[in-house]
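**Q** Can you keep this structure in mind? I'll have questions shortly.
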Amino acid sequence: MNHILYSVDEITQTIGGNAFIELPETKIRTILTDSRKVTDSGQAIFFALKGRRDGHVFLEDVYNKGVRNFVIGQAELDRSGFSGANFFVVPDTLLALQQLATHHRSKFDYPVIGITGSNGKTVVKEWLYQLLAPENNIVRSPKSYNSQIGVPLSVWEMNEENDLGIFEAGVSKTGEMERLAPIIRPTIGILTNIGEAHSEGFETLDEKIEEKLKLFEGVDIFIYSCKYLDQYQGELPGKNKFSWCYRDKADLEVFDDEVLEDKFQFLRAHYNGIDVQAVIPFTDHASIENGIICWATLLALGYDPEEADKRLEKLLPVNMRLELKNGVNNCSIIDDSYSLDLSSLAIALDFLKQQKQHLRRTLILSDIPGTNGNRSAVYAKVASLLENKDVDRLIGVGSQISEFTFPVESIFFKNTEEFLQNLQSLKLFNETILLKGARVFEFERISTVLTQKVHETILEINLTAIEHNLNYYKTHLKPAVKLMAMVKAFSYGSGSFEIANLLEFNKVDYLAVAYADEGVSLRAAGSTLPIMVMSPDVMAFDTIIENDLEPEIYSFRIFEEFVDVLNRKNLENYPIHLKLDTGMHRLGFMASEVSKLIDLLAETKAVKIKSIFSHLAASDEPEHDEFTKTQIRTFENISSKISSAVGYSVFRHIANTSAISRWPDSQFDMVRLGIGLYGIDSSYKERSPLQTVTSLKTSISQVKEIAPGDTVGYSREGRLPEGGKIATVKIGYADGYSRALGNGVGHMMIDGKRVPTIGKICMDMCMLDVTGLDVGEGDEVTVFNDQIRVEEIAAAINTIPYEILTSISQRVKRVYYYE
């Protein structure tokens, strides 16, 4: 798209501070905030933001990728290694980013819709895009870009070809909207609702409402629901107001509703003195409310009620997830075909670039909708993205895309049908394939053909949640403390290279596995991070060395045998990790053995200590805090003694997941993050700040009515004395659902309702008591998620969450998604 080019002088005037300019003729059109996602380097400017990771640490990396314009907050930075670069030094780099986006917003006078609220912002935004696209060229927030960083990045995408903007804003505490409001500067405001989300950042409900309403000061139209603002004491914003409500006085008063064919919601309302109606193709409460918000918006903007009804009935689901699945012919399939524009394409290509399990990356891309008169500029941007994101091959589908030339191997088909007819000739083998298609091209047909058929029980892994949890723990780290991520036991049941790629992309420092074969798999999938093997077997020493793995050394036997292997290979200074036993009494050298260990280290050049570590036995249990303190002191003393004796620097680490936050003095040089990555930390007894990562789902095979007195399952243990209804579902103990969860101990969820198991758990299936529920064959069943939590299941059978997660069988297919 034709983005406005900004001169060095204009940027200096906009963000203030001091400028050190070596390239005065530079023109800027691209903003970068992430060193891992560099594009358009010649005309980009990098903002070194101080968040979970300080962006100043990555300046050299970004410079080496060709960027020559930097906004920094460190006036004392040595710029001598950055010849030919422009530096803008400001007190607050985030504020500077927001100021530049605010200045960019001032260049445009077309309407802008601003959306905020506790829930539903993204869905309402995407639905309004669907509803208003026929007569508008719309720029909108990509995915859920509604934060202090996301909003300016979204608004920066405004250009002269657009005639409508739709942006969402999210706030979690007072003072945040004051910075976002001038960036968006909406002319039309929508408040979706007021709920519990982020309430901890506000003292009162009125304070929360007041903060959100700051977005709408000066809007021409303010659209809201009476039920959320009836008790609000302040003044409502907007030159004009449009309200909606259920069975209460409002501009759009919904007075009747009815479910049609189990999949449509028929709504009737009073509007402008007449009765109007609308059909929304969803029946859940949240979708109905979001649909009414969109209905109200169309009417407030002057659309004819009949036209609004026609458009609402055609609404499509908003699938905000990018899914990574196993494909045919040993391919990995990234399915992100729910929408297509340049912003979402760039995000998806970043995820494609992150994948290292295959050497080859292929993009299957359809025509991009809404290009209108700027088609050449759009596809020129696509060409630039392909070059910057290391795409090896483009398969284009559509009449438009085939008109252009791209800097990678390219092949084109006029439509999806032609692509499928020629699929075999494409020879898609051993590669990562990204599907990115507009809805009209029906790329779900391509996904179905390329994706391996899966067992109907699947484990969904939310990569966004893993990233959130990782970043949460990073905020607790002291400066310069490194992070080792535990990916042993198939990443606690969550996957192998899929998790390792994400962790490497997010710049963890080390990976740790239990056995050598796990490390070999990661190396085969392209992982380049250092990998510690925690239970090295003597028979695997050659494999460890061949794959550049680093063994944990915990006994004299292991030490001597590994040194023997290294000596036979004439290797020196091979990295090892020394395990100390400070009280766990599982593996490791005792304090009494350290002197002998130091002598052995002095006698050989074969090894070099990379780290010294130990394991805390009860870091999450307050009743054992004195013991934990003793372990930390012991580790401090013994590790210092070894480090001094060898005469070179080594990493020291003892802190596990719970200790990262509970025992900051135990962080030393590195911490080991394990199950906390996957959303579980037993040190949080109540409201956990972590996000749920895994959801285990299955489906109903059969539903049966049971007569009074009949029994269910093996040994006739399942009983319904009054009779009832059971559902047989496709999960059993061979899938990892423990036999101990039978006979009502375990519960699952169907259509939002909890139901107990009945009878014994079988090998491949089990039965649920669904008496009184309207369920049928093929209905989805949730085994665990953020409502039926893994911790709850573990407590029910007197075990720990680790066992539940690591017991999920490999025959249960994993589906990874990124929101």
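A note on labels: chains of the structure tokens are A, B, ... as shown, every chain counts residues from 1, and ligands are counted from 1 in their shown order.
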To test your reading of the structure, identify every residue in range 74-137 of chain A that backbone DSSP assigns to strand (DSSP E), and report it as a PyMOL selection string.

**A** chain A and resi 86-89+112-116

**Q** Just the residues within 8 Å of Ser399 in chain A, please, counting only C-alpha atoms, with nothing from its chain fewer than 4 positions along; format it as a list in words.

**A** Asp367, Glu403, Phe413, Lys414 and Asn415 of chain A

**Q** Excluding Ile545 in chain A and its own-chain neighbours fewer than 5 positions away, which residues fall within 9 Å of it when counting only C-alpha atoms? Please give them as a list in words.

**A** Ala540, Glu550, Leu566 and Tyr574 of chain A

**Q** Rounded to one decimal, what separation in Å do you get between CA of Ser172 in chain A and CA of Cys226 in chain A?

**A**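 For CA of Ser172 in chain A relative to CA of Cys226 in chain A, the distance reads 22.4 Å.
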
**Q** Would you list the contacts of Asn637 in chain A as a count of residues only, taking every protein, DNA or RNA residue within 12 Å and counting only C-alpha atoms, but skipping same-chain residues closer than 5 positions in sequence?

**A** 12

**Q** Please identify all polymer residues within 10 Å of Tyr224 in chain A, counting only C-alpha atoms, omitting same-chain residues fewer than 3 positions from it, and present them as a PyMOL selection string.

**A** chain A and resi 117+189-193+221+227-229+236+241-245+250+293+296-297

**Q** When you draw a straight line from CA of Lys608 in chain A to CA of Ile576 in chain A, how long is it in Å?

**A**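 One can read the CA of Lys608 in chain A to CA of Ile576 in chain A distance as 6.2 Å.
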
**Q** Excluding Glu498 in chain A and its own-chain neighbours fewer than 3 positions away, which residues fall within 12 Å of it when counting only C-alpha atoms? Please give them as a ChimeraX atom specification.

**A** /A:323-326,332-334,351-352,354-358,432,461-463,466,487,490-491,493-495,501-505,521-522,525-527,814-818

**Q** If you count only C-alpha atoms, which residues fall within 9 Å of Asp548 in chain A, apart from same-chain ones fewer than 6 positions away, as a PyMOL selection string?

**A** chain A and resi 523+530-531

**Q** Looking at A:Phe589, A:Val90, A:Asp509, A:Lys488, which one is nearest to Ser535 in chain A, with distances taken over only C-alpha atoms?

**A**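 Smallest distance to Ser535 in chain A is found for A:Lys488.
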
**Q** Please report, as an MDAnalysis selection string, each residue of range 540-638 of chain A to which DSSP assigns helix (DSSP H, G or I) when run on this structure's backbone.

**A** chainID A and resid 540:546 556:568 591:603 622:638

**Q** Would you compute the distance between CA of Asp54 in chain A and CA of Gly84 in chain A? Give it in Å to one decimal.

**A**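 Interatomic distance here is 23.1 Å.
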
**Q** Using only C-alpha atoms, which of the listed residues (A:Gly583, A:Gly588, A:Gly51, A:Pro152) sits closest to Lys629 in chain A?

**A**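 Nearest candidate to Lys629 in chain A out of A:Gly583, A:Gly588, A:Gly51, A:Pro152: A:Gly583.
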